[in-house]
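Chemist: Below is the file data-v6.cif, which contains mmCIF, C-alpha atoms.
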data_my_file
loop_
_atom_site.label_atom_id
_atom_site.label_comp_id
_atom_site.auth_asym_id
_atom_site.auth_seq_id
_atom_site.Cartn_x
_atom_site.Cartn_y
_atom_site.Cartn_z
CA MET Z 1 81.35 45.99 131.67
CA THR Z 2 80.22 49.61 131.86
CA VAL Z 3 82.75 52.06 130.47
CA ILE Z 4 82.58 55.73 131.36
CA ALA Z 5 82.76 57.57 128.05
CA MET Z 6 84.92 60.67 128.03
CA ASN Z 7 84.74 63.45 125.50
CA PRO Z 8 88.23 63.96 124.02
CA ASN Z 9 87.34 67.61 123.42
CA THR Z 10 86.77 68.26 127.12
CA PRO Z 11 89.32 70.89 128.18
CA SER Z 12 92.09 69.50 130.33
CA ILE Z 13 92.41 70.65 133.91
CA PRO Z 14 95.01 73.43 134.18
CA PRO Z 15 98.01 72.87 136.44
CA ALA Z 16 97.38 73.57 140.11
CA ALA Z 17 99.65 76.59 140.06
CA GLN Z 18 97.49 78.23 137.39
CA ARG Z 19 94.14 78.04 139.16
CA PRO Z 20 92.80 79.22 142.52
CA LEU Z 21 92.19 76.56 145.13
CA ARG Z 22 88.76 77.95 145.88
CA HIS Z 23 86.52 80.87 145.09
CA PRO Z 24 88.11 83.96 146.64
CA ALA Z 25 84.88 84.71 148.50
CA ALA Z 26 84.57 81.19 149.91
CA PRO Z 27 84.82 80.61 153.67
CA THR Z 28 86.94 78.03 155.38
CA ARG Z 29 85.26 74.64 154.99
CA GLN Z 30 83.37 73.55 158.10
CA ALA Z 31 84.57 70.17 159.35
CA ASN Z 32 81.11 69.29 160.70
CA VAL Z 33 79.31 70.00 157.40
CA ILE Z 34 78.59 67.15 154.99
CA ALA Z 35 77.30 67.94 151.51
CA VAL Z 36 75.43 65.23 149.62
CA ALA Z 37 75.68 65.70 145.87
CA SER Z 38 75.03 63.87 142.60
CA GLY Z 39 75.75 64.48 138.98
CA LYS Z 40 72.15 63.61 138.07
CA GLY Z 41 68.79 63.26 139.75
CA GLY Z 42 67.08 60.05 140.71
CA VAL Z 43 70.01 58.33 142.43
CA GLY Z 44 68.69 58.68 146.00
CA LYS Z 45 70.54 61.80 147.13
CA THR Z 46 67.72 63.29 149.21
CA TRP Z 47 66.86 59.91 150.74
CA LEU Z 48 70.49 59.48 151.78
CA SER Z 49 70.64 63.01 153.25
CA ILE Z 50 67.58 62.31 155.39
CA SER Z 51 68.85 58.89 156.42
CA LEU Z 52 72.26 60.23 157.46
CA ALA Z 53 70.71 63.04 159.48
CA HIS Z 54 68.47 60.50 161.21
CA CYS Z 55 71.44 58.21 161.93
CA PHE Z 56 73.34 61.06 163.54
CA ALA Z 57 70.33 62.14 165.60
CA ARG Z 58 69.80 58.59 166.88
CA GLN Z 59 73.33 58.72 168.26
CA GLY Z 60 72.55 61.88 170.21
CA ILE Z 61 74.39 64.11 167.73
CA ARG Z 62 72.80 67.54 167.34
CA THR Z 63 72.05 67.62 163.62
CA LEU Z 64 70.66 70.06 161.05
CA LEU Z 65 69.43 68.97 157.62
CA PHE Z 66 69.55 71.82 155.10
CA ASP Z 67 67.55 71.34 151.91
CA GLY Z 68 69.74 73.10 149.37
CA ASP Z 69 68.01 71.58 146.34
CA ILE Z 70 66.65 74.96 145.31
CA GLY Z 71 63.83 74.65 142.81
CA LEU Z 72 63.18 70.92 143.36
CA ALA Z 73 63.21 70.74 147.16
CA ASN Z 74 61.56 67.63 148.59
CA VAL Z 75 63.05 66.88 152.02
CA ASP Z 76 59.80 68.10 153.60
CA ILE Z 77 57.75 65.91 151.24
CA GLN Z 78 59.73 62.77 152.05
CA LEU Z 79 59.18 63.45 155.76
CA GLY Z 80 55.53 64.47 155.48
CA LEU Z 81 56.13 68.00 156.77
CA MET Z 82 54.33 71.25 155.96
CA PRO Z 83 56.74 74.00 157.02
CA ASP Z 84 55.39 77.53 157.40
CA ARG Z 85 58.91 78.91 156.93
CA ASP Z 86 61.33 77.75 154.29
CA LEU Z 87 64.35 78.85 152.32
CA GLY Z 88 62.13 81.00 150.14
CA SER Z 89 61.14 83.04 153.18
CA VAL Z 90 64.81 83.52 154.02
CA ILE Z 91 65.72 84.61 150.48
CA ALA Z 92 62.80 87.05 150.51
CA GLY Z 93 64.22 88.62 153.67
CA ARG Z 94 61.27 87.75 155.90
CA PHE Z 95 63.30 85.53 158.23
CA SER Z 96 66.88 84.76 159.08
CA LEU Z 97 68.21 81.29 158.35
CA ALA Z 98 68.09 80.48 162.07
CA ASP Z 99 64.43 81.53 162.19
CA ALA Z 100 63.61 79.02 159.43
CA VAL Z 101 64.85 76.05 161.48
CA MET Z 102 62.10 73.60 162.41
CA PRO Z 103 62.36 70.43 164.52
CA SER Z 104 61.35 67.05 163.13
CA GLU Z 105 59.90 64.02 164.87
CA ALA Z 106 62.99 62.14 163.71
CA GLY Z 107 65.08 64.11 166.19
CA PHE Z 108 67.00 66.45 163.89
CA ASP Z 109 66.34 70.02 162.79
CA ILE Z 110 65.42 70.96 159.22
CA ILE Z 111 65.57 74.01 157.01
CA ALA Z 112 63.14 73.24 154.22
CA GLY Z 113 63.82 74.27 150.65
CA LYS Z 114 61.50 76.06 148.27
CA SER Z 115 60.17 73.83 145.53
CA GLY Z 116 59.25 75.16 142.11
CA SER Z 117 60.69 78.63 142.55
CA ALA Z 118 62.82 79.54 139.54
CA SER Z 119 63.68 82.90 141.14
CA LEU Z 120 65.70 81.14 143.83
CA ALA Z 121 67.71 79.23 141.27
CA THR Z 122 68.72 82.49 139.59
CA LEU Z 123 70.13 84.24 142.65
CA ASP Z 124 73.21 86.31 141.91
CA GLN Z 125 76.57 85.20 143.27
CA ALA Z 126 76.61 87.78 146.05
CA ALA Z 127 73.29 86.49 147.39
CA LEU Z 128 74.47 82.89 147.14
CA ASN Z 129 77.67 83.76 149.02
CA GLY Z 130 75.59 85.43 151.72
CA LEU Z 131 73.39 82.37 152.08
CA ARG Z 132 76.43 80.10 152.30
CA ASP Z 133 78.09 82.31 154.91
CA GLU Z 134 74.93 82.42 157.02
CA LEU Z 135 74.74 78.62 156.86
CA CYS Z 136 78.37 78.37 157.99
CA GLN Z 137 77.57 80.62 160.95
CA LEU Z 138 74.52 78.52 161.86
CA ALA Z 139 76.56 75.31 161.54
CA ARG Z 140 78.55 76.32 164.61
CA SER Z 141 75.46 75.57 166.72
CA TYR Z 142 75.35 71.94 165.57
CA ASP Z 143 77.52 68.85 165.77
CA LYS Z 144 76.62 67.83 162.21
CA VAL Z 145 75.04 69.67 159.29
CA VAL Z 146 73.90 67.71 156.24
CA ILE Z 147 73.32 69.71 153.04
CA ASP Z 148 71.12 68.08 150.43
CA LEU Z 149 72.50 69.72 147.30
CA GLY Z 150 70.67 69.90 144.01
CA ALA Z 151 71.66 67.55 141.21
CA GLY Z 152 74.24 68.85 138.78
CA VAL Z 153 76.95 71.48 139.10
CA ASP Z 154 75.17 74.83 138.84
CA ALA Z 155 76.15 77.95 140.80
CA VAL Z 156 73.95 77.07 143.79
CA VAL Z 157 75.53 73.62 144.12
CA ARG Z 158 79.06 74.93 143.70
CA THR Z 159 78.61 77.72 146.23
CA LEU Z 160 76.91 75.70 148.96
CA SER Z 161 79.39 72.86 148.58
CA GLN Z 162 82.18 75.30 149.50
CA ALA Z 163 80.95 75.14 153.09
CA ALA Z 164 81.37 71.36 153.40
CA GLY Z 165 84.27 69.57 155.00
CA ILE Z 166 83.21 66.38 153.21
CA THR Z 167 81.22 65.97 150.00
CA LEU Z 168 79.51 62.65 149.30
CA VAL Z 169 78.80 62.04 145.61
CA VAL Z 170 75.93 59.59 145.17
CA THR Z 171 75.83 57.40 142.08
CA ASN Z 172 74.71 53.99 140.86
CA ASP Z 173 75.75 51.59 138.11
CA GLU Z 174 73.90 53.38 135.29
CA PRO Z 175 76.31 54.80 132.68
CA THR Z 176 74.69 58.25 132.86
CA ALA Z 177 74.94 58.32 136.65
CA LEU Z 178 78.62 57.37 136.51
CA THR Z 179 79.44 59.89 133.80
CA ASP Z 180 77.65 62.69 135.64
CA ALA Z 181 79.29 61.75 138.95
CA TYR Z 182 82.65 61.97 137.19
CA ALA Z 183 81.74 65.42 135.83
CA PHE Z 184 80.85 66.61 139.33
CA ILE Z 185 84.13 65.33 140.76
CA LYS Z 186 86.11 66.94 137.94
CA LEU Z 187 84.56 70.38 138.44
CA ALA Z 188 84.79 70.14 142.22
CA ARG Z 189 88.48 69.31 141.97
CA MET Z 190 89.04 72.17 139.54
CA ALA Z 191 87.50 74.56 142.07
CA ASP Z 192 89.43 73.14 145.03
CA ARG Z 193 92.02 70.41 144.62
CA ASN Z 194 91.95 69.83 148.40
CA ALA Z 195 88.22 69.13 148.53
CA ASP Z 196 87.40 65.90 150.40
CA ILE Z 197 85.15 64.06 147.91
CA ARG Z 198 83.89 60.55 148.63
CA VAL Z 199 81.63 58.24 146.66
CA VAL Z 200 78.48 56.48 147.80
CA VAL Z 201 77.15 53.79 145.47
CA ASN Z 202 73.40 53.46 145.95
CA ILE Z 203 70.90 50.80 144.85
CA ALA Z 204 73.64 48.22 144.34
CA PRO Z 205 72.58 44.60 143.69
CA THR Z 206 75.23 43.47 146.21
CA THR Z 207 78.00 45.10 148.18
CA ARG Z 208 80.55 43.55 145.84
CA GLU Z 209 78.77 44.93 142.78
CA GLY Z 210 78.72 48.35 144.41
CA GLU Z 211 82.45 48.15 144.97
CA ARG Z 212 82.92 47.30 141.29
CA THR Z 213 80.86 50.34 140.32
CA HIS Z 214 83.06 52.53 142.50
CA ALA Z 215 86.15 50.98 140.92
CA LYS Z 216 84.97 52.04 137.44
CA LEU Z 217 84.45 55.63 138.57
CA ALA Z 218 87.70 55.69 140.52
CA LYS Z 219 89.65 54.38 137.55
CA ALA Z 220 88.26 57.08 135.26
CA ALA Z 221 89.08 59.77 137.83
CA GLU Z 222 92.59 58.42 138.29
CA ASN Z 223 93.22 58.23 134.54
CA PHE Z 224 91.90 61.66 133.64
CA LEU Z 225 92.15 63.67 136.88
CA LYS Z 226 95.04 61.93 138.64
CA TYR Z 227 92.75 61.67 141.66
CA THR Z 228 91.08 58.63 143.19
CA PRO Z 229 87.91 59.44 145.16
CA PRO Z 230 87.59 56.98 148.05
CA LEU Z 231 84.51 54.85 148.63
CA ALA Z 232 82.39 56.10 151.54
CA GLY Z 233 80.08 53.11 151.32
CA VAL Z 234 77.69 50.93 149.34
CA ILE Z 235 73.94 50.84 149.90
CA ARG Z 236 72.28 47.68 148.67
CA ARG Z 237 69.06 47.69 146.65
CA ASP Z 238 66.19 47.31 149.10
CA GLU Z 239 62.45 47.50 148.37
CA LYS Z 240 61.89 48.69 151.93
CA VAL Z 241 63.38 52.04 150.91
CA ARG Z 242 60.51 52.67 148.51
CA ASP Z 243 58.03 51.67 151.20
CA ALA Z 244 59.58 54.12 153.67
CA ILE Z 245 59.47 56.96 151.14
CA ARG Z 246 55.84 56.18 150.27
CA ASN Z 247 54.99 56.37 153.96
CA GLN Z 248 57.04 59.56 154.38
CA MET Z 249 59.25 58.07 157.07
CA PRO Z 250 63.02 57.66 157.47
CA ILE Z 251 64.20 54.14 156.70
CA LEU Z 252 65.51 53.69 160.24
CA ALA Z 253 62.10 54.50 161.66
CA ARG Z 254 60.08 52.40 159.21
CA HIS Z 255 62.46 49.47 158.66
CA PRO Z 256 65.36 49.72 161.14
CA MET Z 257 66.52 46.14 160.47
CA SER Z 258 66.62 46.42 156.68
CA ASP Z 259 69.75 46.03 154.55
CA ALA Z 260 69.62 49.66 153.42
CA ALA Z 261 69.32 50.88 157.01
CA ALA Z 262 72.37 48.85 158.02
CA ASP Z 263 74.37 50.21 155.09
CA VAL Z 264 73.50 53.84 155.89
CA GLU Z 265 74.36 53.29 159.54
CA ALA Z 266 77.77 52.00 158.48
CA ILE Z 267 78.39 55.13 156.38
CA ALA Z 268 77.24 57.42 159.19
CA GLY Z 269 79.39 55.54 161.67
CA SER Z 270 82.48 55.99 159.51
CA LEU Z 271 81.78 59.72 159.19
CA VAL Z 272 81.43 60.10 162.95
CA GLY Z 273 84.60 58.07 163.51
CA MET Z 274 86.44 60.17 160.94
CA ALA Z 275 85.45 63.38 162.72
CA ALA Z 276 86.56 61.96 166.08
CA HIS Z 277 89.92 60.99 164.58
CA ARG Z 278 90.42 64.48 163.12
CA SER Z 279 89.67 66.15 166.45
#
I'd like the structure from this file rewritten - as structure tokens, please.
Modeler:
Amino acid sequence: MTVIAMNPNTPSIPPAAQRPLRHPAAPTRQANVIAVASGKGGVGKTWLSISLAHCFARQGIRTLLFDGDIGLANVDIQLGLMPDRDLGSVIAGRFSLADAVMPSEAGFDIIAGKSGSASLATLDQAALNGLRDELCQLARSYDKVVIDLGAGVDAVVRTLSQAAGITLVVTNDEPTALTDAYAFIKLARMADRNADIRVVVNIAPTTREGERTHAKLAKAAENFLKYTPPLAGVIRRDEKVRDAIRNQMPILARHPMSDAAADVEAIAGSLVGMAAHRS
């Protein structure tokens, strides 16, 4: 059994009364914004972001996919796009965020990131806040906005995640993935104890095994954080995912009847149902 190792020297979380619920410059979270995060890379975060956006679009939901993985952006690569405007153009002041929106053949809009640009990853907090606020304003024109966050918990990830009504943390059964997912949840809860954080277990051998993986993470969070992140869904291991990525197509376009496609559709359906219940 995999055990999530915890460092006994890790500072404890201060009582709620002694910490702010969110960054004082943060906006109200947008109910229609879903952030997709991960403690580490390589767990399928970008693939899930694309797949969710495609699921929403197939249901007639006006959707924007925002590539917030500054420095290692690859939404455009996975979809075979060559955008002439991207997040780098916005940061440079050449275009507004709305001007950088481009349609995709999959039926949803995209704001492409800027890969390999270290300058974007070192934006000061004021610039990051401005980018987040502009995204929140743009989100009002859509039914759903999916933010593909970068891996880890740096300032870009923390700031952009403040716009999201729901944050999905993607993990798998590898010890490092579980430990890093726990670290993300811990820091997110320290920043905002009311944040809606849910877990997606990807590349699971079976649904039952994925549920066991979630149980390990949930137990660690309950023991150390007194918080149990709910399970948003399990995506089974499926070789058709790799084939779809190689062919730069969404899984629901390349292999709509695959196990992975069905699992993503179930997650998207629950998110749409959740929003309808809240309204």
Chemist: Return as a count of residues only the set of residues that the PyMOL selection byres ((chain Z and resi 232) around 12) yields on the displayed structure.
Modeler: 33
Chemist: Here's the selection I'm unsure about, the PyMOL selection byres ((chain Z and resi 135) around 10); applied to the file above, which residues does it give, as a PyMOL selection string?
Modeler: chain Z and resi 33+66+97-98+129-134+136-140+145+147+160+163
Chemist: For a quick check of understanding, using all atoms listed in the file, which of Z:Leu87, Z:Ile203, Z:Ala218, Z:Met102 has the smallest distance to Lys186 of chain Z?
Modeler: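 Using all atoms listed in the file, the shortest distance to Lys186 of chain Z belongs to Z:Ala218.
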Chemist: For a test of reading the model, state the distance in Å between atom CA of Leu225 of chain Z and atom CA of Arg193 of chain Z, rounded to one decimal.
Modeler: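 One can read the atom CA of Leu225 of chain Z to atom CA of Arg193 of chain Z distance as 10.3 Å.
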Chemist: Do you have the atom CA of Val156 of chain Z-atom CA of Ala112 of chain Z distance handy?
Modeler: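 Going from atom CA of Val156 of chain Z over to atom CA of Ala112 of chain Z covers 15.5 Å.
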Chemist: May I ask for the distance between atom CA of Lys40 of chain Z and atom CA of Asp148 of chain Z, given in Å to one decimal place?
Modeler: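 It comes out at 13.2 Å.
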Chemist: Run the PyMOL selection byres ((chain Z and resi 250-259) around 10) mentally over the shown coordinates, then write out the matched residues as a PDB file with C-alpha atoms, keeping the file's coordinate frame, using the chain letters and numbers from the document.
Modeler:
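Below is the file selection_27.pdb, written as the result:
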ATOM      1  CA  TRP Z  47      66.860  59.910 150.740  1.00  0.00           C
ATOM      2  CA  LEU Z  48      70.490  59.480 151.780  1.00  0.00           C
ATOM      3  CA  ILE Z  50      67.580  62.310 155.390  1.00  0.00           C
ATOM      4  CA  SER Z  51      68.850  58.890 156.420  1.00  0.00           C
ATOM      5  CA  LEU Z  52      72.260  60.230 157.460  1.00  0.00           C
ATOM      6  CA  ALA Z  53      70.710  63.040 159.480  1.00  0.00           C
ATOM      7  CA  HIS Z  54      68.470  60.500 161.210  1.00  0.00           C
ATOM      8  CA  CYS Z  55      71.440  58.210 161.930  1.00  0.00           C
ATOM      9  CA  ARG Z  58      69.800  58.590 166.880  1.00  0.00           C
ATOM     10  CA  GLN Z  78      59.730  62.770 152.050  1.00  0.00           C
ATOM     11  CA  LEU Z  79      59.180  63.450 155.760  1.00  0.00           C
ATOM     12  CA  ALA Z 106      62.990  62.140 163.710  1.00  0.00           C
ATOM     13  CA  ILE Z 235      73.940  50.840 149.900  1.00  0.00           C
ATOM     14  CA  ARG Z 236      72.280  47.680 148.670  1.00  0.00           C
ATOM     15  CA  ARG Z 237      69.060  47.690 146.650  1.00  0.00           C
ATOM     16  CA  ASP Z 238      66.190  47.310 149.100  1.00  0.00           C
ATOM     17  CA  GLU Z 239      62.450  47.500 148.370  1.00  0.00           C
ATOM     18  CA  LYS Z 240      61.890  48.690 151.930  1.00  0.00           C
ATOM     19  CA  VAL Z 241      63.380  52.040 150.910  1.00  0.00           C
ATOM     20  CA  ARG Z 242      60.510  52.670 148.510  1.00  0.00           C
ATOM     21  CA  ASP Z 243      58.030  51.670 151.200  1.00  0.00           C
ATOM     22  CA  ALA Z 244      59.580  54.120 153.670  1.00  0.00           C
ATOM     23  CA  ILE Z 245      59.470  56.960 151.140  1.00  0.00           C
ATOM     24  CA  ASN Z 247      54.990  56.370 153.960  1.00  0.00           C
ATOM     25  CA  GLN Z 248      57.040  59.560 154.380  1.00  0.00           C
ATOM     26  CA  MET Z 249      59.250  58.070 157.070  1.00  0.00           C
ATOM     27  CA  ALA Z 260      69.620  49.660 153.420  1.00  0.00           C
ATOM     28  CA  ALA Z 261      69.320  50.880 157.010  1.00  0.00           C
ATOM     29  CA  ALA Z 262      72.370  48.850 158.020  1.00  0.00           C
ATOM     30  CA  ASP Z 263      74.370  50.210 155.090  1.00  0.00           C
ATOM     31  CA  VAL Z 264      73.500  53.840 155.890  1.00  0.00           C
ATOM     32  CA  GLU Z 265      74.360  53.290 159.540  1.00  0.00           C
TER      33      GLU Z 265
END
Chemist: Kindly add N, CA and C atoms to the incomplete segment 224-259 of chain Z and provide the output as a compact mmCIF listing (two decimals), keeping the file's coordinate frame.
Modeler:
# COMPACT_ATOMS: atom_id res chain seq x y z
N PHE Z 224 92.08 60.35 134.24
CA PHE Z 224 91.90 61.66 133.64
C PHE Z 224 92.18 62.81 134.61
N LEU Z 225 91.99 62.59 135.89
CA LEU Z 225 92.15 63.67 136.88
C LEU Z 225 93.35 63.47 137.80
N LYS Z 226 93.95 62.28 137.72
CA LYS Z 226 95.04 61.93 138.64
C LYS Z 226 94.58 62.04 140.10
N TYR Z 227 93.35 61.62 140.32
CA TYR Z 227 92.75 61.67 141.66
C TYR Z 227 91.84 60.47 141.81
N THR Z 228 91.92 59.80 142.94
CA THR Z 228 91.08 58.63 143.19
C THR Z 228 90.14 58.91 144.35
N PRO Z 229 88.86 59.18 144.06
CA PRO Z 229 87.91 59.44 145.16
C PRO Z 229 87.65 58.16 145.95
N PRO Z 230 87.81 58.19 147.26
CA PRO Z 230 87.59 56.98 148.05
C PRO Z 230 86.11 56.60 148.13
N LEU Z 231 85.87 55.36 148.48
CA LEU Z 231 84.51 54.85 148.63
C LEU Z 231 84.04 55.09 150.06
N ALA Z 232 82.97 55.87 150.22
CA ALA Z 232 82.39 56.10 151.54
C ALA Z 232 81.50 54.93 151.96
N GLY Z 233 80.92 54.24 150.98
CA GLY Z 233 80.08 53.11 151.32
C GLY Z 233 79.18 52.68 150.17
N VAL Z 234 78.62 51.49 150.32
CA VAL Z 234 77.69 50.93 149.34
C VAL Z 234 76.36 50.68 150.03
N ILE Z 235 75.28 51.09 149.37
CA ILE Z 235 73.94 50.84 149.90
C ILE Z 235 73.25 49.86 148.95
N ARG Z 236 72.88 48.72 149.50
CA ARG Z 236 72.28 47.68 148.67
C ARG Z 236 70.84 48.02 148.27
N ARG Z 237 70.44 47.52 147.11
CA ARG Z 237 69.06 47.69 146.65
C ARG Z 237 68.12 47.05 147.65
N ASP Z 238 67.09 47.78 148.05
CA ASP Z 238 66.19 47.31 149.10
C ASP Z 238 64.81 47.90 148.86
N GLU Z 239 63.81 47.03 148.63
CA GLU Z 239 62.45 47.50 148.37
C GLU Z 239 61.85 48.23 149.57
N LYS Z 240 62.41 48.01 150.73
CA LYS Z 240 61.89 48.69 151.93
C LYS Z 240 62.16 50.20 151.88
N VAL Z 241 63.13 50.61 151.07
CA VAL Z 241 63.38 52.04 150.91
C VAL Z 241 62.18 52.71 150.26
N ARG Z 242 61.68 52.12 149.20
CA ARG Z 242 60.51 52.67 148.51
C ARG Z 242 59.31 52.72 149.45
N ASP Z 243 59.14 51.69 150.26
CA ASP Z 243 58.03 51.67 151.20
C ASP Z 243 58.15 52.80 152.22
N ALA Z 244 59.37 53.04 152.71
CA ALA Z 244 59.58 54.12 153.67
C ALA Z 244 59.28 55.48 153.06
N ILE Z 245 59.72 55.68 151.81
CA ILE Z 245 59.47 56.96 151.14
C ILE Z 245 57.98 57.16 150.91
N ARG Z 246 57.30 56.08 150.48
CA ARG Z 246 55.84 56.18 150.27
C ARG Z 246 55.13 56.56 151.56
N ASN Z 247 55.62 56.08 152.67
CA ASN Z 247 54.99 56.37 153.96
C ASN Z 247 55.59 57.60 154.64
N GLN Z 248 56.45 58.30 153.92
CA GLN Z 248 57.04 59.56 154.38
C GLN Z 248 57.71 59.41 155.75
N MET Z 249 58.52 58.36 155.84
CA MET Z 249 59.25 58.07 157.07
C MET Z 249 60.71 57.75 156.75
N PRO Z 250 61.64 58.10 157.66
CA PRO Z 250 63.02 57.66 157.47
C PRO Z 250 63.11 56.14 157.51
N ILE Z 251 64.06 55.59 156.77
CA ILE Z 251 64.20 54.14 156.70
C ILE Z 251 64.47 53.52 158.07
N LEU Z 252 65.20 54.23 158.93
CA LEU Z 252 65.51 53.69 160.24
C LEU Z 252 64.34 53.73 161.21
N ALA Z 253 63.32 54.50 160.87
CA ALA Z 253 62.10 54.50 161.66
C ALA Z 253 61.10 53.46 161.14
N ARG Z 254 61.03 53.32 159.83
CA ARG Z 254 60.08 52.40 159.21
C ARG Z 254 60.60 50.97 159.18
N HIS Z 255 61.87 50.80 158.79
CA HIS Z 255 62.46 49.47 158.66
C HIS Z 255 63.88 49.47 159.23
N PRO Z 256 64.02 49.57 160.54
CA PRO Z 256 65.36 49.72 161.14
C PRO Z 256 66.27 48.51 160.94
N MET Z 257 65.70 47.34 160.63
CA MET Z 257 66.52 46.14 160.47
C MET Z 257 66.78 45.80 159.01
N SER Z 258 66.45 46.70 158.11
CA SER Z 258 66.62 46.42 156.68
C SER Z 258 68.08 46.53 156.27
N ASP Z 259 68.38 45.95 155.08
CA ASP Z 259 69.75 46.03 154.55
C ASP Z 259 70.18 47.48 154.31
